[in-house]
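File shown here: entry.csv, holding CSV, C-alpha atoms.
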chain,number,residue,atom,x,y,z
A,109,MET,CA,0.0,0.0,0.0
A,110,LEU,CA,2.7,2.5,0.9
A,111,ALA,CA,4.8,1.7,-2.1
A,112,ARG,CA,1.7,2.0,-4.4
A,113,ALA,CA,1.1,5.4,-2.8
A,114,GLY,CA,4.5,6.5,-4.1
A,115,ARG,CA,6.5,6.1,-0.9
A,116,SER,CA,10.0,4.7,-0.9
A,117,VAL,CA,9.6,1.6,1.2
A,118,GLN,CA,12.3,-0.7,2.6
A,119,VAL,CA,11.5,-3.8,4.6
A,120,PHE,CA,13.9,-5.5,6.9
A,121,ASP,CA,13.6,-9.1,8.2
A,122,SER,CA,16.2,-10.6,10.4
A,123,LEU,CA,15.2,-14.1,9.1
A,124,ARG,CA,14.6,-15.3,5.6
A,125,ALA,CA,11.3,-13.9,4.3
A,126,GLY,CA,8.4,-15.7,5.8
A,127,GLU,CA,10.5,-17.8,8.2
A,128,GLY,CA,8.9,-18.6,11.5
A,129,ALA,CA,5.2,-18.3,12.3
A,130,SER,CA,4.6,-16.0,9.3
A,131,THR,CA,4.3,-19.1,7.1
A,132,ARG,CA,4.6,-21.9,9.6
A,133,ASN,CA,1.1,-21.5,11.0
A,134,GLY,CA,-2.1,-23.3,10.7
A,135,GLY,CA,-3.6,-21.0,8.1
A,136,ILE,CA,-6.8,-20.5,10.0
A,137,ALA,CA,-8.0,-17.0,9.0
A,138,SER,CA,-10.0,-16.4,12.2
A,139,GLY,CA,-9.1,-12.9,13.4
A,140,ASN,CA,-9.7,-14.5,16.8
A,141,ILE,CA,-10.1,-12.5,20.0
A,142,ARG,CA,-8.7,-14.4,23.0
A,143,ILE,CA,-11.0,-12.5,25.4
A,144,GLY,CA,-14.6,-13.7,25.3
A,145,PHE,CA,-17.3,-11.3,24.2
A,146,GLY,CA,-19.0,-11.3,27.6
A,147,THR,CA,-15.7,-10.5,29.3
A,148,LEU,CA,-15.1,-7.7,26.8
A,149,ILE,CA,-18.4,-6.2,27.7
A,150,GLU,CA,-17.4,-6.3,31.4
A,151,GLN,CA,-14.1,-4.6,30.7
A,152,PHE,CA,-14.9,-2.1,28.0
A,153,GLY,CA,-18.7,-1.8,27.9
A,154,LEU,CA,-21.1,-3.1,25.3
A,155,GLU,CA,-20.5,-0.6,22.5
A,156,ARG,CA,-16.7,-1.0,22.5
A,157,ALA,CA,-17.0,-4.8,22.7
A,158,LYS,CA,-19.3,-4.7,19.7
A,159,SER,CA,-16.9,-2.6,17.7
A,160,ILE,CA,-14.0,-4.9,18.5
A,161,TYR,CA,-15.8,-8.0,17.3
A,162,ALA,CA,-17.5,-6.2,14.4
A,163,GLU,CA,-14.1,-5.1,13.1
A,164,GLY,CA,-12.8,-8.6,13.3
A,165,LYS,CA,-15.7,-9.7,11.0
A,166,LEU,CA,-14.9,-6.8,8.7
A,167,ALA,CA,-11.2,-7.7,8.7
A,168,ARG,CA,-11.9,-11.3,7.6
A,169,GLU,CA,-14.3,-10.0,4.8
A,170,ARG,CA,-11.7,-7.5,3.6
A,171,LEU,CA,-8.9,-10.1,3.6
A,172,SER,CA,-11.0,-12.4,1.5
A,173,ALA,CA,-11.8,-9.6,-1.0
A,174,PHE,CA,-8.2,-8.5,-1.1
A,175,LEU,CA,-7.0,-12.0,-2.1
A,176,ASP,CA,-9.6,-12.1,-4.9
A,177,ASP,CA,-8.8,-8.6,-6.1
A,178,GLU,CA,-5.0,-9.2,-6.1
A,179,GLY,CA,-5.4,-12.6,-7.6
A,180,ILE,CA,-3.4,-14.3,-4.8
A,181,ALA,CA,-4.1,-18.0,-5.1
A,182,CYS,CA,-3.6,-19.4,-1.6
A,183,ASP,CA,-6.2,-22.1,-1.2
A,184,GLN,CA,-8.7,-19.8,0.5
A,185,GLN,CA,-11.6,-21.8,1.7
A,186,MET,CA,-14.5,-20.2,3.6
A,187,VAL,CA,-15.5,-23.5,5.3
A,188,GLY,CA,-16.4,-22.1,8.8
A,189,ARG,CA,-14.8,-23.1,12.2
A,190,PHE,CA,-16.0,-25.6,14.7
A,191,ALA,CA,-14.9,-25.1,18.4
A,192,GLY,CA,-15.3,-28.2,20.6
A,193,ALA,CA,-16.1,-28.1,24.3
A,194,VAL,CA,-13.8,-30.3,26.3
A,195,ALA,CA,-16.1,-30.3,29.3
A,196,PRO,CA,-19.9,-29.8,29.8
A,197,LYS,CA,-19.4,-26.5,31.6
A,198,HIS,CA,-17.4,-25.2,28.7
A,199,PHE,CA,-20.3,-26.1,26.4
A,200,GLU,CA,-22.7,-24.1,28.5
A,201,ALA,CA,-20.3,-21.1,28.5
A,202,MET,CA,-20.0,-21.4,24.7
A,203,ARG,CA,-23.8,-21.5,24.4
A,204,ARG,CA,-24.1,-18.3,26.4
A,205,GLU,CA,-21.3,-16.6,24.4
A,206,ALA,CA,-23.0,-17.6,21.1
A,207,ASP,CA,-26.3,-16.0,22.3
A,208,LEU,CA,-24.5,-12.8,23.1
A,209,LEU,CA,-22.6,-12.7,19.8
A,210,ASN,CA,-25.7,-13.4,17.7
A,211,THR,CA,-27.7,-10.8,19.6
A,212,HIS,CA,-25.1,-8.0,19.3
A,213,VAL,CA,-22.8,-8.7,16.4
A,214,ASP,CA,-24.9,-11.0,14.1
A,215,LEU,CA,-22.1,-13.6,13.4
A,216,GLY,CA,-24.6,-16.4,12.7
A,217,VAL,CA,-23.0,-18.7,15.4
A,218,SER,CA,-24.6,-22.1,15.5
A,219,VAL,CA,-24.7,-24.2,18.7
A,220,ILE,CA,-24.0,-27.9,18.1
A,221,ASP,CA,-25.3,-30.3,20.7
A,222,ARG,CA,-23.2,-33.4,21.4
A,223,LYS,CA,-25.8,-35.7,19.8
A,224,ASP,CA,-25.4,-33.8,16.6
A,225,GLN,CA,-21.6,-33.4,16.7
A,226,HIS,CA,-20.8,-36.1,14.2
A,227,ALA,CA,-22.2,-34.0,11.4
A,228,GLU,CA,-19.3,-31.6,12.1
A,229,LEU,CA,-16.5,-33.9,13.4
A,230,GLY,CA,-16.2,-37.7,13.7
A,231,THR,CA,-15.4,-37.9,17.4
A,232,ASP,CA,-17.1,-38.3,20.7
A,233,TYR,CA,-14.3,-36.5,22.5
A,234,TYR,CA,-16.1,-33.1,22.8
A,235,HIS,CA,-19.3,-32.2,24.6
A,236,GLY,CA,-20.8,-30.3,21.7
A,237,GLY,CA,-19.5,-27.0,20.4
A,238,VAL,CA,-20.2,-24.0,18.2
A,239,VAL,CA,-19.7,-23.2,14.5
A,240,ARG,CA,-18.7,-19.8,13.3
A,241,PRO,CA,-19.5,-19.6,9.5
A,242,ASP,CA,-17.5,-16.4,9.0
A,243,ILE,CA,-14.1,-18.1,9.5
A,244,GLY,CA,-12.1,-19.9,6.9
A,245,GLY,CA,-8.6,-21.1,6.0
A,246,LEU,CA,-5.8,-20.6,3.6
A,247,HIS,CA,-2.3,-21.7,2.8
A,248,PRO,CA,0.0,-19.4,4.7
A,249,GLY,CA,3.1,-20.0,2.6
A,250,LYS,CA,1.2,-19.2,-0.6
A,251,PHE,CA,-0.4,-16.1,1.1
A,252,HIS,CA,3.0,-14.8,2.1
A,253,ALA,CA,4.5,-15.5,-1.3
A,254,GLY,CA,1.6,-13.5,-2.9
A,255,LEU,CA,2.1,-10.5,-0.5
A,256,PHE,CA,5.9,-10.6,-1.1
A,257,GLY,CA,5.4,-10.6,-4.8
A,258,ARG,CA,2.9,-7.7,-4.8
A,259,ALA,CA,5.1,-5.6,-2.5
A,260,SER,CA,8.1,-6.2,-4.7
A,261,ASP,CA,6.2,-5.4,-7.9
A,262,ALA,CA,5.0,-2.1,-6.3
A,263,GLY,CA,8.6,-1.1,-5.7
A,264,ALA,CA,9.3,-2.0,-2.1
A,265,THR,CA,12.8,-3.2,-1.4
A,266,ILE,CA,12.8,-6.2,0.8
A,267,HIS,CA,16.0,-7.0,2.8
A,268,THR,CA,16.0,-10.6,4.1
A,269,SER,CA,18.4,-12.0,6.7
A,270,THR,CA,19.1,-8.3,7.7
A,271,ALA,CA,18.5,-7.6,11.4
A,272,VAL,CA,17.6,-4.1,12.5
A,273,GLN,CA,20.0,-3.3,15.3
A,274,GLY,CA,18.4,-0.1,16.5
A,275,VAL,CA,16.3,2.9,15.6
A,276,GLN,CA,17.1,6.5,16.8
A,277,ARG,CA,15.3,9.8,16.4
A,278,ASP,CA,17.1,12.0,13.9
A,279,GLY,CA,15.5,15.4,13.4
A,280,ASP,CA,12.1,15.0,11.8
A,281,GLY,CA,12.9,11.3,11.0
A,282,TYR,CA,14.8,8.3,12.1
A,283,THR,CA,18.1,6.6,11.6
A,284,VAL,CA,17.7,2.8,11.2
A,285,ARG,CA,20.8,0.8,11.9
A,286,THR,CA,20.9,-2.7,10.3
A,287,ALA,CA,23.4,-5.5,10.0
A,288,ARG,CA,24.2,-4.3,6.5
A,289,GLY,CA,24.2,-0.6,6.9
A,290,THR,CA,22.2,2.5,7.9
A,291,VAL,CA,19.0,3.9,6.4
A,292,ARG,CA,17.4,7.3,6.9
A,293,ALA,CA,13.6,7.0,7.2
A,294,GLY,CA,10.8,9.5,7.6
A,295,ASP,CA,8.4,6.9,9.2
A,296,VAL,CA,9.0,3.6,10.8
A,297,LEU,CA,6.5,0.7,11.1
A,298,VAL,CA,7.3,-2.1,13.5
A,299,GLY,CA,5.7,-5.5,13.1
A,300,THR,CA,8.2,-7.9,14.8
A,301,ASN,CA,5.6,-9.6,17.0
A,302,GLY,CA,7.0,-12.9,18.3
A,303,TYR,CA,10.4,-12.1,17.0
A,304,THR,CA,11.0,-8.9,18.8
A,305,ASP,CA,14.5,-8.7,20.2
A,306,LYS,CA,16.7,-6.4,22.2
A,307,ALA,CA,17.1,-4.0,19.3
A,308,ASN,CA,13.7,-2.8,20.6
A,309,ALA,CA,14.0,-3.5,24.3
A,310,TRP,CA,11.0,-1.2,25.0
A,311,LEU,CA,8.7,-3.4,23.0
A,312,GLN,CA,10.4,-6.6,24.1
A,313,ARG,CA,9.2,-6.0,27.6
A,314,ARG,CA,5.6,-5.8,26.4
A,315,LEU,CA,5.3,-8.9,24.2
A,316,VAL,CA,5.7,-12.6,25.3
A,317,PRO,CA,6.9,-14.9,22.5
A,318,VAL,CA,5.2,-18.3,22.8
A,319,PRO,CA,6.5,-21.3,20.7
A,320,SER,CA,3.8,-23.1,18.7
A,321,ARG,CA,4.5,-26.4,17.0
A,322,ILE,CA,2.5,-28.0,14.1
A,323,ILE,CA,2.6,-31.6,12.9
A,324,VAL,CA,1.2,-32.9,9.7
A,325,THR,CA,0.1,-36.5,9.4
A,326,GLU,CA,1.0,-38.9,6.6
A,327,PRO,CA,-1.8,-39.2,4.0
A,328,ILE,CA,-5.1,-40.5,5.3
A,329,GLY,CA,-7.6,-42.4,3.3
A,330,VAL,CA,-10.3,-40.3,1.6
A,331,ASP,CA,-13.1,-42.2,3.3
A,332,VAL,CA,-11.5,-41.7,6.8
A,333,MET,CA,-11.0,-38.0,6.2
A,334,ALA,CA,-14.7,-37.7,5.1
A,335,ARG,CA,-15.8,-39.4,8.2
A,336,LEU,CA,-13.5,-37.5,10.6
A,337,MET,CA,-13.9,-34.0,9.0
A,338,PRO,CA,-17.0,-34.2,6.9
A,339,LYS,CA,-17.3,-30.4,6.3
A,340,ARG,CA,-13.5,-29.7,6.1
A,341,ARG,CA,-13.9,-27.0,8.7
A,342,MET,CA,-11.2,-25.2,10.7
A,343,LEU,CA,-11.1,-26.7,14.2
A,344,VAL,CA,-10.3,-25.4,17.7
A,345,GLU,CA,-11.2,-26.4,21.2
A,346,SER,CA,-12.0,-24.8,24.6
A,347,ARG,CA,-8.9,-25.9,26.5
A,348,ARG,CA,-6.9,-23.1,27.9
A,349,VAL,CA,-3.9,-24.9,26.5
A,350,GLY,CA,-5.9,-26.0,23.5
A,351,TYR,CA,-5.1,-27.3,20.0
A,352,TYR,CA,-6.0,-26.1,16.6
A,353,TYR,CA,-6.3,-28.3,13.6
A,354,ARG,CA,-7.7,-28.8,10.1
A,355,PRO,CA,-7.5,-30.8,7.0
A,356,THR,CA,-4.7,-29.7,4.7
A,357,PRO,CA,-6.0,-27.7,1.7
A,358,ASP,CA,-6.0,-30.8,-0.5
A,359,GLY,CA,-8.0,-32.8,2.1
A,360,THR,CA,-5.5,-35.7,2.3
A,361,ARG,CA,-3.9,-35.1,5.7
A,362,ILE,CA,-4.5,-33.5,9.1
A,363,LEU,CA,-2.6,-30.5,10.3
A,364,PHE,CA,-2.5,-30.3,14.1
A,365,GLY,CA,-0.9,-27.6,16.2
A,366,GLY,CA,-0.5,-26.3,19.7
A,367,ARG,CA,1.8,-24.6,22.1
A,368,GLU,CA,5.1,-26.4,22.8
A,369,GLY,CA,4.6,-26.2,26.6
A,370,ALA,CA,7.5,-27.6,28.6
A,371,ALA,CA,10.6,-25.5,28.4
A,372,ASN,CA,13.1,-28.3,28.0
A,373,ALA,CA,11.0,-30.6,25.8
A,374,SER,CA,12.7,-31.6,22.5
A,375,PRO,CA,10.9,-31.2,19.2
A,376,GLU,CA,10.6,-35.0,19.0
A,377,GLU,CA,8.9,-35.1,22.4
A,378,VAL,CA,6.4,-32.3,21.5
A,379,VAL,CA,5.6,-34.2,18.2
A,380,ARG,CA,4.9,-37.3,20.3
A,381,ILE,CA,2.6,-35.3,22.7
A,382,HIS,CA,0.8,-33.7,19.8
A,383,MET,CA,0.2,-37.1,18.1
A,384,GLY,CA,-1.1,-38.4,21.5
A,385,ARG,CA,-3.6,-35.6,21.7
A,386,LEU,CA,-4.7,-36.2,18.0
A,387,VAL,CA,-5.3,-39.9,18.7
A,388,GLU,CA,-7.2,-38.9,21.9
A,389,ILE,CA,-9.6,-37.0,19.7
A,390,PHE,CA,-9.6,-39.6,16.9
A,391,PRO,CA,-8.8,-43.0,18.3
A,392,GLU,CA,-8.9,-44.6,14.8
A,393,LEU,CA,-5.7,-42.7,13.9
A,394,ALA,CA,-3.6,-44.7,16.4
A,395,ASP,CA,-1.6,-46.2,13.6
A,396,ILE,CA,-1.1,-43.0,11.7
A,397,GLN,CA,2.3,-41.2,11.9
A,398,ALA,CA,3.4,-37.6,11.8
A,399,GLU,CA,5.3,-37.0,8.6
A,400,PHE,CA,6.2,-33.3,9.0
A,401,SER,CA,6.7,-30.9,11.8
A,402,TRP,CA,7.7,-27.3,12.2
A,403,SER,CA,7.4,-24.5,14.8
A,404,GLY,CA,7.4,-20.7,15.1
A,405,PHE,CA,6.7,-18.0,17.7
A,406,VAL,CA,3.4,-16.2,18.3
A,407,ALA,CA,3.2,-13.2,20.6
A,408,TYR,CA,0.9,-12.1,23.4
A,409,SER,CA,0.4,-8.9,25.2
A,410,ARG,CA,-0.8,-8.7,28.8
A,411,ASP,CA,-4.4,-8.1,27.9
A,412,TYR,CA,-4.5,-10.7,25.0
A,413,MET,CA,-5.5,-8.0,22.5
A,414,PRO,CA,-4.0,-7.2,19.0
A,415,ARG,CA,-2.4,-3.8,19.2
A,416,LEU,CA,-2.2,-0.9,16.9
A,417,PHE,CA,-0.4,2.1,18.5
A,418,SER,CA,2.3,4.7,18.2
A,419,HIS,CA,5.3,5.3,20.5
A,420,ASP,CA,8.0,8.0,20.0
A,421,GLY,CA,6.5,8.7,16.7
A,422,MET,CA,6.9,5.1,15.4
A,423,HIS,CA,4.0,3.0,14.3
A,424,TYR,CA,3.4,-0.5,15.8
A,425,ALA,CA,1.2,-3.4,14.7
A,426,VAL,CA,1.9,-6.3,17.0
A,427,GLY,CA,0.3,-8.7,19.6
A,428,TYR,CA,-1.7,-11.0,17.3
A,429,CYS,CA,-2.1,-13.6,20.0
A,430,GLY,CA,-1.8,-16.6,17.6
A,431,SER,CA,-4.2,-15.1,15.0
A,432,GLY,CA,-1.7,-13.3,12.8
A,433,VAL,CA,-3.1,-14.5,9.4
A,434,VAL,CA,-5.8,-11.8,9.7
A,435,TRP,CA,-4.4,-9.4,12.3
A,436,ALA,CA,-0.9,-8.9,10.9
A,437,TRP,CA,-2.4,-7.9,7.5
A,438,TRP,CA,-5.2,-5.8,9.0
A,439,THR,CA,-3.2,-3.8,11.6
A,440,GLY,CA,-0.3,-3.4,9.2
A,441,ARG,CA,-2.8,-2.0,6.7
A,442,HIS,CA,-4.2,0.5,9.2
A,443,ALA,CA,-0.7,1.6,10.2
A,444,ALA,CA,0.0,2.3,6.6
A,445,PHE,CA,-3.1,4.5,6.4
A,446,GLN,CA,-1.9,6.4,9.4
A,447,ILE,CA,1.5,7.0,7.9
A,448,LEU,CA,-0.2,8.3,4.7
A,449,GLY,CA,-2.7,10.3,6.7
A,450,GLN,CA,-5.6,9.1,4.6
A,451,GLY,CA,-8.0,6.3,4.2
A,452,GLU,CA,-9.1,4.0,7.0
A,453,THR,CA,-7.1,5.6,9.8
A,454,ASP,CA,-9.5,4.7,12.6
A,455,SER,CA,-9.8,1.3,14.2
A,456,ALA,CA,-11.2,-0.4,17.3
A,457,TYR,CA,-7.7,-1.7,17.9
A,458,LEU,CA,-6.1,1.7,18.1
A,459,SER,CA,-4.9,1.9,21.7
A,460,ASP,CA,-2.2,3.0,24.1
A,461,PRO,CA,0.9,0.9,24.0
A,462,PRO,CA,0.6,-2.4,26.0
A,463,LYS,CA,1.8,-2.3,29.6
A,464,ALA,CA,5.3,-3.6,30.4
A,465,ILE,CA,5.3,-7.0,32.1
A,466,PRO,CA,6.9,-6.8,35.6
A,467,LEU,CA,10.3,-8.5,36.0
A,468,TYR,CA,10.4,-9.3,32.4
A,469,ALA,CA,13.0,-8.3,29.8
A,470,GLY,CA,12.3,-10.6,26.9
A,471,LYS,CA,13.0,-14.1,28.3
A,472,PRO,CA,9.6,-15.6,29.4
A,473,TRP,CA,10.9,-17.4,32.5
A,474,PHE,CA,7.3,-17.6,33.8
A,475,LEU,CA,5.8,-19.4,30.8
A,476,PRO,CA,6.4,-23.0,31.8
A,477,ALA,CA,4.7,-22.4,35.2
A,478,MET,CA,1.8,-20.7,33.4
A,479,MET,CA,1.4,-23.5,30.9
A,480,ASN,CA,1.4,-26.1,33.7
A,481,TRP,CA,-1.2,-24.2,35.7
A,482,PHE,CA,-3.5,-23.8,32.6
A,483,GLY,CA,-3.0,-27.5,31.8
A,484,PHE,CA,-3.9,-28.4,35.4
A,485,GLN,CA,-7.1,-26.3,35.2
A,486,ASP,CA,-8.0,-28.0,31.9
A,487,ARG,CA,-7.6,-31.4,33.5
A,488,MET,CA,-9.8,-30.5,36.5
A,489,ASP,CA,-12.5,-29.2,34.2
A,490,GLN,CA,-12.6,-32.4,32.2
A,491,ARG,CA,-12.6,-34.6,35.4
A,492,SER,CA,-15.4,-32.6,37.0
A,493,GLY,CA,-17.7,-33.2,34.1
Any chance you could give the structure as structure tokens?
Amino acid sequence: MLARAGRSVQVFDSLRAGEGASTRNGGIASGNIRIGFGTLIEQFGLERAKSIYAEGKLARERLSAFLDDEGIACDQQMVGRFAGAVAPKHFEAMRREADLLNTHVDLGVSVIDRKDQHAELGTDYYHGGVVRPDIGGLHPGKFHAGLFGRASDAGATIHTSTAVQGVQRDGDGYTVRTARGTVRAGDVLVGTNGYTDKANAWLQRRLVPVPSRIIVTEPIGVDVMARLMPKRRMLVESRRVGYYYRPTPDGTRILFGGREGAANASPEEVVRIHMGRLVEIFPELADIQAEFSWSGFVAYSRDYMPRLFSHDGMHYAVGYCGSGVVWAWWTGRHAAFQILGQGETDSAYLSDPPKAIPLYAGKPWFLPAMMNWFGFQDRMDQRSG
């Protein structure tokens, strides 16, 4: 957008373009908000809560239209998302949330009782769930490649494997120091999210990088896939330390992801745990193996909200909380409008910078304990029925 508006644009990525969670994600285009709608109402009031969720719906619609308009072929599939309840009380909470959303935001959420669950998912593991028809999926690698190509064609210069080492105010602009030289910039947009490092220590104290690992099974028979995932939906669950999964775009395998959890667990151990959870949901996959696995970092702020803000004159679009397929594109787009001073400069996600996390300087020493505590709560919920 900035390059097409005639701006001279340089993009710096410390990794190879698309490395990490930018392409190594589940491709679920949810624009998800980690805070429930009822909780948002309590915290911000009804009107602000409505605007936050309504903009999420708009972001998904605009992303879909953008892909069509730009001709980016990335296996976009508007198949809806099923969220499974791992405990009866989770199902009741999901039912209440669905009623609130349908009343105030008109998302068309459907509540699926356990007796009707097999029409959505071939498992008895969940206690019912809800379907959001406004959510779909895509291939994140193809999506990134399309964005990269459009940006390059518009004249943006993209520097890969080029870390930014610091940014300083310099008169009415900035001096950006990189591993390969120095650049003078009139505006700076930061979207480092889960890969924020000490080059921006101020932001690093405000975002928690969380490792997420994905496995992909070996090919599964067409009849089995049709039975397990008859509507080929995107899939999530109500666990605090939950999993997200889906059929691959070609419908032949299952992609299954979740947080890595234990600090010292090897990738092989996490793959084993993930496969165990997958078989727990679908026992008939007991003899299926994981053929591929990869990981990347997502990032959370203290209040679990995507963030669009300015600090010291620089623009920030960060804190996607595991839903960056939609939020990275949407908040980055709004930041570009702000730099241009035209177009859609307003957003429900415009806010003050997130608060710094006490006793934290970039290494999330508290994460293993938090994951263990959330996992314990999940187990108690399931055992209590």
Counting all atoms listed in the file, which residues of segment 130-195 of chain A sit at most 9 Å from some atom of segment 356-362 of chain A, and what is each one's closest atom pair with its distance in Å to one decimal, listed by chain and rising residue number, as CSV?
residue,atom,partner,partner_atom,distance
A:Asp183,CA,A:Pro357,CA,6.3
A:Gln184,CA,A:Pro357,CA,8.4
A:Gln185,CA,A:Pro357,CA,8.1
Which residues are close to Tyr234 of chain A, i.e. within 8 Å by all atoms listed in the file, leaving aside same-chain residues fewer than 3 positions away? Reply as a PyMOL selection string.
chain A and resi 192-195+222+231+237
Shortest interatomic distance to Ile389 of chain A - which of A:Asp242, A:Glu178, A:Asp454, A:Asp232, counting all atoms listed in the file
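Comparing A:Asp242, A:Glu178, A:Asp454, A:Asp232 against Ile389 of chain A, the winner is A:Asp232.
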Between atom CA of Ser459 of chain A and atom CA of Ser346 of chain A, what distance in Å does the model show, to one decimal?
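Distance reported for this atom pair: 27.8 Å.
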Exercise. Pick out the closest residue to Val239 of chain A from this set: A:Val296, A:Leu343, A:Leu315, A:Ile322. Count only C-alpha atoms.
Key: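 Result for the nearest residue to Val239 of chain A: A:Leu343.
Every protein or nucleic acid residue with an atom no more than 10 Å from Tyr303 of chain A, counting all atoms listed in the file and leaving out same-chain residues fewer than 4 positions away, appears here: Asp121, Ser122, Leu123, Gly128, Ala129, Gly299, Gln312, Leu315, Val316, Pro317, Val318, Gly404, Phe405, Val406 and Ala407 of chain A.
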>> Measuring between all atoms listed in the file, which one of A:Ser138, A:Thr286, A:Gln485, A:Ser159 shows the shortest distance to Arg341 of chain A?
In response: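 Checking each of A:Ser138, A:Thr286, A:Gln485, A:Ser159 against Arg341 of chain A, counting all atoms listed in the file, the winner is A:Ser138.
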One residue among A:Phe390, A:Trp437, A:Gly365, A:Ile149 is nearest to Arg168 of chain A when using only C-alpha atoms, and that residue is A:Trp437
Using all atoms listed in the file, which residues sit within 9 Å of Val434 of chain A once same-chain residues fewer than 4 positions away are excluded, as a count of residues only? 12
